[in-house]
Amino acid sequence: MPRPRVRVGRVYDARTAEDGTRVLVDRLWPRGLTKNRADLDEWCKQIAPSAALRRWYGHDPTRFAEFGRRYRSELADPERAAALQHLRELAQQRPMALLTATREVESSEAAVLVDLLVAGSTTD
(Lines give C-alpha, C1' and ligand atoms only; values in the text may rest on other atoms or scores of the structure.)
Protein backbone atom coordinates (compact mmCIF):
# COMPACT_ATOMS: atom_id res chain seq x y z
CA MET A 1 0.00 0.00 0.00
CA PRO A 2 1.48 3.41 -0.94
CA ARG A 3 2.47 5.81 1.79
CA PRO A 4 -0.12 8.57 2.29
CA ARG A 5 0.80 12.06 1.15
CA VAL A 6 -0.03 14.26 4.11
CA ARG A 7 1.37 17.67 4.88
CA VAL A 8 0.97 20.35 7.51
CA GLY A 9 -0.15 23.89 6.73
CA ARG A 10 -1.72 27.04 8.10
CA VAL A 11 -5.46 27.42 7.71
CA TYR A 12 -4.92 31.08 6.77
CA ASP A 13 -2.97 30.11 3.64
CA ALA A 14 -4.70 29.80 0.28
CA ARG A 15 -5.36 26.35 -1.18
CA THR A 16 -2.50 24.96 -3.27
CA ALA A 17 -2.41 22.18 -5.84
CA GLU A 18 -0.58 19.95 -3.32
CA ASP A 19 -3.23 20.31 -0.60
CA GLY A 20 -5.69 17.67 -1.72
CA THR A 21 -8.25 17.36 1.08
CA ARG A 22 -7.95 20.34 3.45
CA VAL A 23 -8.76 19.42 7.06
CA LEU A 24 -8.67 21.82 10.01
CA VAL A 25 -7.53 19.93 13.13
CA ASP A 26 -7.92 22.72 15.72
CA ARG A 27 -10.72 22.57 18.30
CA LEU A 28 -11.43 26.30 18.04
CA TRP A 29 -12.30 28.19 14.87
CA PRO A 30 -9.40 30.47 13.81
CA ARG A 31 -9.82 34.14 14.66
CA GLY A 32 -10.74 36.49 11.86
CA LEU A 33 -11.21 33.75 9.27
CA THR A 34 -14.45 33.25 7.39
CA LYS A 35 -15.55 29.76 6.41
CA ASN A 36 -15.40 30.80 2.77
CA ARG A 37 -11.82 32.04 3.01
CA ALA A 38 -10.74 28.93 4.93
CA ASP A 39 -11.68 26.81 1.89
CA LEU A 40 -11.88 23.62 3.98
CA ASP A 41 -13.12 20.21 3.00
CA GLU A 42 -13.56 19.23 6.64
CA TRP A 43 -13.19 20.45 10.22
CA CYS A 44 -12.11 17.55 12.44
CA LYS A 45 -12.20 19.32 15.81
CA GLN A 46 -12.74 16.09 17.77
CA ILE A 47 -9.11 15.10 17.09
CA ALA A 48 -7.69 18.21 18.71
CA PRO A 49 -5.71 17.91 21.95
CA SER A 50 -7.55 18.56 25.20
CA ALA A 51 -7.80 22.12 26.49
CA ALA A 52 -5.65 21.15 29.48
CA LEU A 53 -2.89 19.78 27.23
CA ARG A 54 -3.01 22.84 24.96
CA ARG A 55 -2.70 25.17 27.97
CA TRP A 56 0.19 23.12 29.42
CA TYR A 57 2.04 23.10 26.10
CA GLY A 58 1.56 26.79 25.26
CA HIS A 59 3.50 26.22 22.00
CA ASP A 60 6.75 26.17 23.97
CA PRO A 61 9.23 24.46 21.61
CA THR A 62 11.10 22.93 24.55
CA ARG A 63 7.92 21.04 25.47
CA PHE A 64 7.09 19.72 21.99
CA ALA A 65 8.50 16.21 22.47
CA GLU A 66 6.54 15.75 25.71
CA PHE A 67 3.48 17.36 24.10
CA GLY A 68 3.69 14.80 21.28
CA ARG A 69 3.91 11.93 23.76
CA ARG A 70 0.95 13.20 25.80
CA TYR A 71 -1.09 13.95 22.69
CA ARG A 72 -0.48 10.45 21.29
CA SER A 73 -1.75 9.12 24.60
CA GLU A 74 -4.91 11.23 24.29
CA LEU A 75 -5.48 9.82 20.80
CA ALA A 76 -6.31 6.48 22.43
CA ASP A 77 -9.58 8.03 23.63
CA PRO A 78 -12.39 6.38 21.61
CA GLU A 79 -13.67 9.61 20.00
CA ARG A 80 -10.17 10.75 19.04
CA ALA A 81 -9.22 7.25 17.89
CA ALA A 82 -12.25 7.18 15.58
CA ALA A 83 -11.30 10.61 14.22
CA LEU A 84 -7.71 9.43 13.62
CA GLN A 85 -9.00 6.38 11.75
CA HIS A 86 -11.19 8.68 9.64
CA LEU A 87 -8.12 10.77 8.75
CA ARG A 88 -6.19 7.60 7.88
CA GLU A 89 -8.95 6.60 5.48
CA LEU A 90 -9.02 10.07 3.88
CA ALA A 91 -5.24 10.02 3.50
CA GLN A 92 -5.39 6.71 1.61
CA GLN A 93 -7.78 8.22 -0.94
CA ARG A 94 -5.85 11.36 -1.93
CA PRO A 95 -3.28 13.87 -0.69
CA MET A 96 -4.26 15.72 2.45
CA ALA A 97 -3.29 18.94 4.22
CA LEU A 98 -3.80 19.04 7.98
CA LEU A 99 -4.32 22.67 8.86
CA THR A 100 -3.90 24.65 12.06
CA ALA A 101 -4.06 28.32 12.99
CA THR A 102 -0.75 28.27 14.86
CA ARG A 103 2.23 30.07 13.34
CA GLU A 104 4.61 27.22 14.20
CA VAL A 105 3.00 24.39 12.24
CA GLU A 106 6.01 22.08 12.66
CA SER A 107 5.47 22.05 16.43
CA SER A 108 1.69 21.67 16.43
CA GLU A 109 -0.81 18.85 16.86
CA ALA A 110 -1.02 18.77 13.05
CA ALA A 111 2.67 17.80 12.88
CA VAL A 112 2.11 14.97 15.38
CA LEU A 113 -0.83 13.75 13.32
CA VAL A 114 1.15 13.85 10.06
CA ASP A 115 3.84 11.74 11.69
CA LEU A 116 1.22 9.19 12.76
CA LEU A 117 -0.46 9.12 9.34
CA VAL A 118 2.66 9.00 7.19
CA ALA A 119 4.84 6.79 9.34
CA GLY A 120 1.94 4.48 10.00
CA SER A 121 2.89 4.39 13.65
CA THR A 122 0.34 3.79 16.36
CA THR A 123 -0.66 5.86 19.34
CA ASP A 124 0.97 3.34 21.72
# chains A, B, ... in the order shown; residues from 1 in each chain; ligands from 1
>>> select_by_dssp(residues="region 41-102 of chain A", states="alpha helix (DSSP H)", output="PyMOL selection string")
chain A and resi 51-57+64-74+78-93
>>> residues_around(residues="Gly20 (chain A)", least_positions_apart="5", cutoff="8 Å", atoms="only C-alpha atoms", output="ChimeraX atom specification")
/A:94-97
>>> write_last_selection(atoms="all heavy atoms", output="PDB file, in the first residue's frame")
ATOM      1  N   ARG A  94      -6.493  10.278  -1.177  1.00  0.00           N
ATOM      2  CA  ARG A  94      -5.852  11.357  -1.935  1.00  0.00           C
ATOM      3  C   ARG A  94      -4.953  12.157  -1.013  1.00  0.00           C
ATOM      4  O   ARG A  94      -5.013  11.994   0.199  1.00  0.00           O
ATOM      5  CB  ARG A  94      -6.898  12.233  -2.603  1.00  0.00           C
ATOM      6  CG  ARG A  94      -7.841  12.934  -1.654  1.00  0.00           C
ATOM      7  CD  ARG A  94      -8.952  13.652  -2.377  1.00  0.00           C
ATOM      8  NE  ARG A  94      -8.432  14.808  -3.074  1.00  0.00           N
ATOM      9  CZ  ARG A  94      -9.090  15.940  -3.209  1.00  0.00           C
ATOM     10  NH1 ARG A  94     -10.308  16.072  -2.734  1.00  0.00           N
ATOM     11  NH2 ARG A  94      -8.564  16.958  -3.841  1.00  0.00           N
ATOM     12  N   PRO A  95      -4.125  13.043  -1.567  1.00  0.00           N
ATOM     13  CA  PRO A  95      -3.279  13.865  -0.693  1.00  0.00           C
ATOM     14  C   PRO A  95      -4.137  14.646   0.306  1.00  0.00           C
ATOM     15  O   PRO A  95      -5.314  14.917   0.057  1.00  0.00           O
ATOM     16  CB  PRO A  95      -2.577  14.813  -1.662  1.00  0.00           C
ATOM     17  CG  PRO A  95      -2.636  14.126  -2.985  1.00  0.00           C
ATOM     18  CD  PRO A  95      -3.900  13.324  -2.981  1.00  0.00           C
ATOM     19  N   MET A  96      -3.526  15.013   1.418  1.00  0.00           N
ATOM     20  CA  MET A  96      -4.260  15.717   2.452  1.00  0.00           C
ATOM     21  C   MET A  96      -3.365  16.754   3.113  1.00  0.00           C
ATOM     22  O   MET A  96      -2.170  16.509   3.318  1.00  0.00           O
ATOM     23  CB  MET A  96      -4.762  14.723   3.505  1.00  0.00           C
ATOM     24  CG  MET A  96      -5.604  15.353   4.569  1.00  0.00           C
ATOM     25  SD  MET A  96      -6.489  14.162   5.618  1.00  0.00           S
ATOM     26  CE  MET A  96      -5.239  13.030   6.106  1.00  0.00           C
ATOM     27  N   ALA A  97      -3.965  17.900   3.446  1.00  0.00           N
ATOM     28  CA  ALA A  97      -3.286  18.936   4.218  1.00  0.00           C
ATOM     29  C   ALA A  97      -4.002  19.068   5.553  1.00  0.00           C
ATOM     30  O   ALA A  97      -5.207  19.333   5.587  1.00  0.00           O
ATOM     31  CB  ALA A  97      -3.304  20.265   3.467  1.00  0.00           C
TER      32      ALA A  97
END
>>> select_by_dssp(residues="chain A", states="strand (DSSP E)", output="PyMOL selection string")
chain A and resi 6-10+21-24+42-43+96-100
>>> write_last_selection(atoms="N, CA and C atoms", output="mmCIF file, in the first residue's frame")
data_model
loop_
_atom_site.group_PDB
_atom_site.id
_atom_site.type_symbol
_atom_site.label_atom_id
_atom_site.label_comp_id
_atom_site.auth_asym_id
_atom_site.auth_seq_id
_atom_site.Cartn_x
_atom_site.Cartn_y
_atom_site.Cartn_z
ATOM 1 N N VAL A 6 0.608 13.372 3.151
ATOM 2 C CA VAL A 6 -0.029 14.261 4.113
ATOM 3 C C VAL A 6 0.970 15.342 4.473
ATOM 4 N N ARG A 7 0.494 16.569 4.500
ATOM 5 C CA ARG A 7 1.372 17.671 4.877
ATOM 6 C C ARG A 7 0.681 18.548 5.902
ATOM 7 N N VAL A 8 1.457 19.411 6.511
ATOM 8 C CA VAL A 8 0.966 20.354 7.507
ATOM 9 C C VAL A 8 0.918 21.731 6.864
ATOM 10 N N GLY A 9 -0.065 22.532 7.252
ATOM 11 C CA GLY A 9 -0.154 23.891 6.733
ATOM 12 C C GLY A 9 -0.927 24.789 7.674
ATOM 13 N N ARG A 10 -0.936 26.067 7.320
ATOM 14 C CA ARG A 10 -1.717 27.044 8.095
ATOM 15 C C ARG A 10 -3.066 27.220 7.426
ATOM 16 N N THR A 21 -7.188 17.119 0.107
ATOM 17 C CA THR A 21 -8.250 17.356 1.075
ATOM 18 C C THR A 21 -7.709 18.257 2.183
ATOM 19 N N ARG A 22 -8.372 19.374 2.408
ATOM 20 C CA ARG A 22 -7.951 20.335 3.448
ATOM 21 C C ARG A 22 -8.780 20.102 4.709
ATOM 22 N N VAL A 23 -8.076 19.741 5.809
ATOM 23 C CA VAL A 23 -8.755 19.418 7.061
ATOM 24 C C VAL A 23 -8.191 20.281 8.185
ATOM 25 N N LEU A 24 -9.053 21.061 8.827
ATOM 26 C CA LEU A 24 -8.672 21.818 10.011
ATOM 27 C C LEU A 24 -8.705 20.884 11.210
ATOM 28 N N GLU A 42 -13.063 19.818 5.401
ATOM 29 C CA GLU A 42 -13.560 19.229 6.641
ATOM 30 C C GLU A 42 -12.948 19.944 7.837
ATOM 31 N N TRP A 43 -13.694 19.960 8.932
ATOM 32 C CA TRP A 43 -13.189 20.448 10.216
ATOM 33 C C TRP A 43 -13.288 19.289 11.186
ATOM 34 N N MET A 96 -3.526 15.013 1.418
ATOM 35 C CA MET A 96 -4.260 15.717 2.452
ATOM 36 C C MET A 96 -3.365 16.754 3.113
ATOM 37 N N ALA A 97 -3.965 17.900 3.446
ATOM 38 C CA ALA A 97 -3.286 18.936 4.218
ATOM 39 C C ALA A 97 -4.002 19.068 5.553
ATOM 40 N N LEU A 98 -3.268 18.839 6.643
ATOM 41 C CA LEU A 98 -3.804 19.043 7.982
ATOM 42 C C LEU A 98 -3.465 20.467 8.381
ATOM 43 N N LEU A 99 -4.494 21.241 8.666
ATOM 44 C CA LEU A 99 -4.316 22.675 8.864
ATOM 45 C C LEU A 99 -4.550 23.082 10.309
ATOM 46 N N THR A 100 -3.799 24.098 10.720
ATOM 47 C CA THR A 100 -3.897 24.652 12.059
ATOM 48 C C THR A 100 -3.725 26.162 11.968
#
>>> residues_around(residues="Gln93 (chain A)", least_positions_apart="5", cutoff="12 Å", atoms="only C-alpha atoms", output="ChimeraX atom specification")
/A:1-6,20-21,86-88
>>> write_last_selection(atoms="N, CA, C and O atoms", output="mmCIF file, in the first residue's frame")
data_model
loop_
_atom_site.group_PDB
_atom_site.id
_atom_site.type_symbol
_atom_site.label_atom_id
_atom_site.label_comp_id
_atom_site.auth_asym_id
_atom_site.auth_seq_id
_atom_site.Cartn_x
_atom_site.Cartn_y
_atom_site.Cartn_z
ATOM 1 N N MET A 1 0.840 -1.174 0.000
ATOM 2 C CA MET A 1 0.000 0.000 0.000
ATOM 3 C C MET A 1 0.892 1.246 0.000
ATOM 4 O O MET A 1 1.819 1.338 0.803
ATOM 5 N N PRO A 2 0.628 2.215 -0.877
ATOM 6 C CA PRO A 2 1.482 3.406 -0.942
ATOM 7 C C PRO A 2 1.363 4.250 0.327
ATOM 8 O O PRO A 2 0.333 4.260 0.987
ATOM 9 N N ARG A 3 2.429 4.938 0.624
ATOM 10 C CA ARG A 3 2.475 5.812 1.795
ATOM 11 C C ARG A 3 1.595 7.031 1.536
ATOM 12 O O ARG A 3 1.673 7.643 0.474
ATOM 13 N N PRO A 4 0.745 7.404 2.491
ATOM 14 C CA PRO A 4 -0.123 8.568 2.288
ATOM 15 C C PRO A 4 0.693 9.851 2.128
ATOM 16 O O PRO A 4 1.760 9.998 2.712
ATOM 17 N N ARG A 5 0.162 10.750 1.326
ATOM 18 C CA ARG A 5 0.795 12.061 1.149
ATOM 19 C C ARG A 5 0.021 13.055 2.010
ATOM 20 O O ARG A 5 -1.070 13.484 1.651
ATOM 21 N N VAL A 6 0.608 13.372 3.151
ATOM 22 C CA VAL A 6 -0.029 14.261 4.113
ATOM 23 C C VAL A 6 0.970 15.342 4.473
ATOM 24 O O VAL A 6 2.140 15.058 4.704
ATOM 25 N N GLY A 20 -4.735 18.774 -1.721
ATOM 26 C CA GLY A 20 -5.695 17.671 -1.723
ATOM 27 C C GLY A 20 -6.843 18.015 -0.805
ATOM 28 O O GLY A 20 -7.401 19.106 -0.861
ATOM 29 N N THR A 21 -7.188 17.119 0.107
ATOM 30 C CA THR A 21 -8.250 17.356 1.075
ATOM 31 C C THR A 21 -7.709 18.257 2.183
ATOM 32 O O THR A 21 -6.709 17.925 2.814
ATOM 33 N N HIS A 86 -10.549 7.960 10.744
ATOM 34 C CA HIS A 86 -11.187 8.680 9.642
ATOM 35 C C HIS A 86 -10.129 9.416 8.811
ATOM 36 O O HIS A 86 -10.146 9.348 7.578
ATOM 37 N N LEU A 87 -9.186 10.079 9.479
ATOM 38 C CA LEU A 87 -8.121 10.775 8.754
ATOM 39 C C LEU A 87 -7.246 9.790 7.991
ATOM 40 O O LEU A 87 -6.811 10.080 6.869
ATOM 41 N N ARG A 88 -6.970 8.635 8.585
ATOM 42 C CA ARG A 88 -6.190 7.600 7.880
ATOM 43 C C ARG A 88 -6.884 7.190 6.577
ATOM 44 O O ARG A 88 -6.243 7.033 5.544
#
>>> closest_residue(among="A:Ala65, A:Val105, A:Cys44, A:Ala111", to="Leu90 (chain A)", atoms="only C-alpha atoms")
A:Cys44
>>> residues_around(residues="Thr102 (chain A)", least_positions_apart="5", cutoff="10 Å", atoms="only C-alpha atoms", output="PDB file with N, CA, C and O atoms, in the first residue's frame")
ATOM      1  N   GLY A   9      -0.065  22.532   7.252  1.00  0.00           N
ATOM      2  CA  GLY A   9      -0.154  23.891   6.733  1.00  0.00           C
ATOM      3  C   GLY A   9      -0.927  24.789   7.674  1.00  0.00           C
ATOM      4  O   GLY A   9      -1.497  24.334   8.670  1.00  0.00           O
ATOM      5  N   ARG A  10      -0.936  26.067   7.320  1.00  0.00           N
ATOM      6  CA  ARG A  10      -1.717  27.044   8.095  1.00  0.00           C
ATOM      7  C   ARG A  10      -3.066  27.220   7.426  1.00  0.00           C
ATOM      8  O   ARG A  10      -3.168  27.352   6.220  1.00  0.00           O
ATOM      9  N   VAL A  11      -4.098  27.271   8.220  1.00  0.00           N
ATOM     10  CA  VAL A  11      -5.456  27.416   7.709  1.00  0.00           C
ATOM     11  C   VAL A  11      -5.637  28.771   7.023  1.00  0.00           C
ATOM     12  O   VAL A  11      -6.499  28.924   6.167  1.00  0.00           O
ATOM     13  N   TYR A  12      -4.819  29.748   7.365  1.00  0.00           N
ATOM     14  CA  TYR A  12      -4.920  31.080   6.771  1.00  0.00           C
ATOM     15  C   TYR A  12      -4.349  31.131   5.354  1.00  0.00           C
ATOM     16  O   TYR A  12      -4.589  32.083   4.626  1.00  0.00           O
ATOM     17  N   ASP A  26      -7.828  21.945  14.485  1.00  0.00           N
ATOM     18  CA  ASP A  26      -7.922  22.715  15.725  1.00  0.00           C
ATOM     19  C   ASP A  26      -9.316  22.567  16.317  1.00  0.00           C
ATOM     20  O   ASP A  26     -10.299  22.446  15.587  1.00  0.00           O
ATOM     21  N   PRO A  30     -10.449  29.442  13.851  1.00  0.00           N
ATOM     22  CA  PRO A  30      -9.400  30.470  13.806  1.00  0.00           C
ATOM     23  C   PRO A  30      -9.978  31.894  13.790  1.00  0.00           C
ATOM     24  O   PRO A  30     -10.937  32.176  13.072  1.00  0.00           O
ATOM     25  N   HIS A  59       2.626  26.118  23.178  1.00  0.00           N
ATOM     26  CA  HIS A  59       3.504  26.219  22.001  1.00  0.00           C
ATOM     27  C   HIS A  59       4.953  26.542  22.377  1.00  0.00           C
ATOM     28  O   HIS A  59       5.667  27.210  21.642  1.00  0.00           O
ATOM     29  N   SER A 107       5.528  22.446  15.016  1.00  0.00           N
ATOM     30  CA  SER A 107       5.466  22.051  16.425  1.00  0.00           C
ATOM     31  C   SER A 107       4.026  22.149  16.922  1.00  0.00           C
ATOM     32  O   SER A 107       3.756  22.654  17.998  1.00  0.00           O
ATOM     33  N   SER A 108       3.122  21.631  16.112  1.00  0.00           N
ATOM     34  CA  SER A 108       1.692  21.669  16.431  1.00  0.00           C
ATOM     35  C   SER A 108       1.120  20.253  16.469  1.00  0.00           C
ATOM     36  O   SER A 108       1.790  19.291  16.105  1.00  0.00           O
ATOM     37  N   GLU A 109      -0.146  20.162  16.875  1.00  0.00           N
ATOM     38  CA  GLU A 109      -0.809  18.855  16.855  1.00  0.00           C
ATOM     39  C   GLU A 109      -0.883  18.312  15.434  1.00  0.00           C
ATOM     40  O   GLU A 109      -0.836  17.108  15.217  1.00  0.00           O
ATOM     41  N   ALA A 110      -0.969  19.204  14.443  1.00  0.00           N
ATOM     42  CA  ALA A 110      -1.020  18.768  13.047  1.00  0.00           C
ATOM     43  C   ALA A 110       0.260  18.017  12.676  1.00  0.00           C
ATOM     44  O   ALA A 110       0.213  17.006  11.973  1.00  0.00           O
TER      45      ALA A 110
END
>>> residues_around(residues="Arg69 (chain A)", least_positions_apart="3", cutoff="12 Å", atoms="only C-alpha atoms", output="PyMOL selection string")
chain A and resi 49+53+57+63-66+72-76+109+112-113+116+122-124
>>> residues_around(residues="Arg15 (chain A)", least_positions_apart="6", cutoff="9 Å", atoms="only C-alpha atoms", output="PyMOL selection string")
chain A and resi 22+38-40
>>> write_last_selection(atoms="all heavy atoms", output="PDB file, in the first residue's frame")
ATOM      1  N   ARG A  22      -8.372  19.374   2.408  1.00  0.00           N
ATOM      2  CA  ARG A  22      -7.951  20.335   3.448  1.00  0.00           C
ATOM      3  C   ARG A  22      -8.780  20.102   4.709  1.00  0.00           C
ATOM      4  O   ARG A  22      -9.996  20.248   4.679  1.00  0.00           O
ATOM      5  CB  ARG A  22      -8.139  21.774   2.964  1.00  0.00           C
ATOM      6  CG  ARG A  22      -7.124  22.178   1.922  1.00  0.00           C
ATOM      7  CD  ARG A  22      -7.430  23.531   1.319  1.00  0.00           C
ATOM      8  NE  ARG A  22      -7.630  24.609   2.260  1.00  0.00           N
ATOM      9  CZ  ARG A  22      -6.693  25.473   2.656  1.00  0.00           C
ATOM     10  NH1 ARG A  22      -5.472  25.375   2.167  1.00  0.00           N
ATOM     11  NH2 ARG A  22      -6.973  26.435   3.519  1.00  0.00           N
ATOM     12  N   ALA A  38     -11.473  30.106   4.440  1.00  0.00           N
ATOM     13  CA  ALA A  38     -10.737  28.934   4.927  1.00  0.00           C
ATOM     14  C   ALA A  38     -10.652  27.857   3.847  1.00  0.00           C
ATOM     15  O   ALA A  38      -9.684  27.110   3.794  1.00  0.00           O
ATOM     16  CB  ALA A  38     -11.398  28.367   6.176  1.00  0.00           C
ATOM     17  N   ASP A  39     -11.662  27.764   3.007  1.00  0.00           N
ATOM     18  CA  ASP A  39     -11.681  26.808   1.894  1.00  0.00           C
ATOM     19  C   ASP A  39     -11.349  25.391   2.378  1.00  0.00           C
ATOM     20  O   ASP A  39     -10.449  24.739   1.871  1.00  0.00           O
ATOM     21  CB  ASP A  39     -10.717  27.264   0.801  1.00  0.00           C
ATOM     22  CG  ASP A  39     -10.901  26.494  -0.497  1.00  0.00           C
ATOM     23  OD1 ASP A  39     -11.942  25.818  -0.656  1.00  0.00           O
ATOM     24  OD2 ASP A  39     -10.000  26.554  -1.354  1.00  0.00           O
ATOM     25  N   LEU A  40     -12.105  24.943   3.388  1.00  0.00           N
ATOM     26  CA  LEU A  40     -11.879  23.622   3.982  1.00  0.00           C
ATOM     27  C   LEU A  40     -12.763  22.562   3.345  1.00  0.00           C
ATOM     28  O   LEU A  40     -13.873  22.854   2.916  1.00  0.00           O
ATOM     29  CB  LEU A  40     -12.205  23.645   5.473  1.00  0.00           C
ATOM     30  CG  LEU A  40     -11.356  24.535   6.351  1.00  0.00           C
ATOM     31  CD1 LEU A  40     -11.902  24.524   7.767  1.00  0.00           C
ATOM     32  CD2 LEU A  40      -9.910  24.099   6.324  1.00  0.00           C
TER      33      LEU A  40
END
>>> closest_residue(among="A:Ala14, A:Ala82, A:Ala101, A:Ala48", to="Trp29 (chain A)", atoms="only C-alpha atoms")
A:Ala101
>>> atom_distance(atom1="CA of Ala91 (chain A)", atom2="CA of Tyr71 (chain A)")
20.0 Å
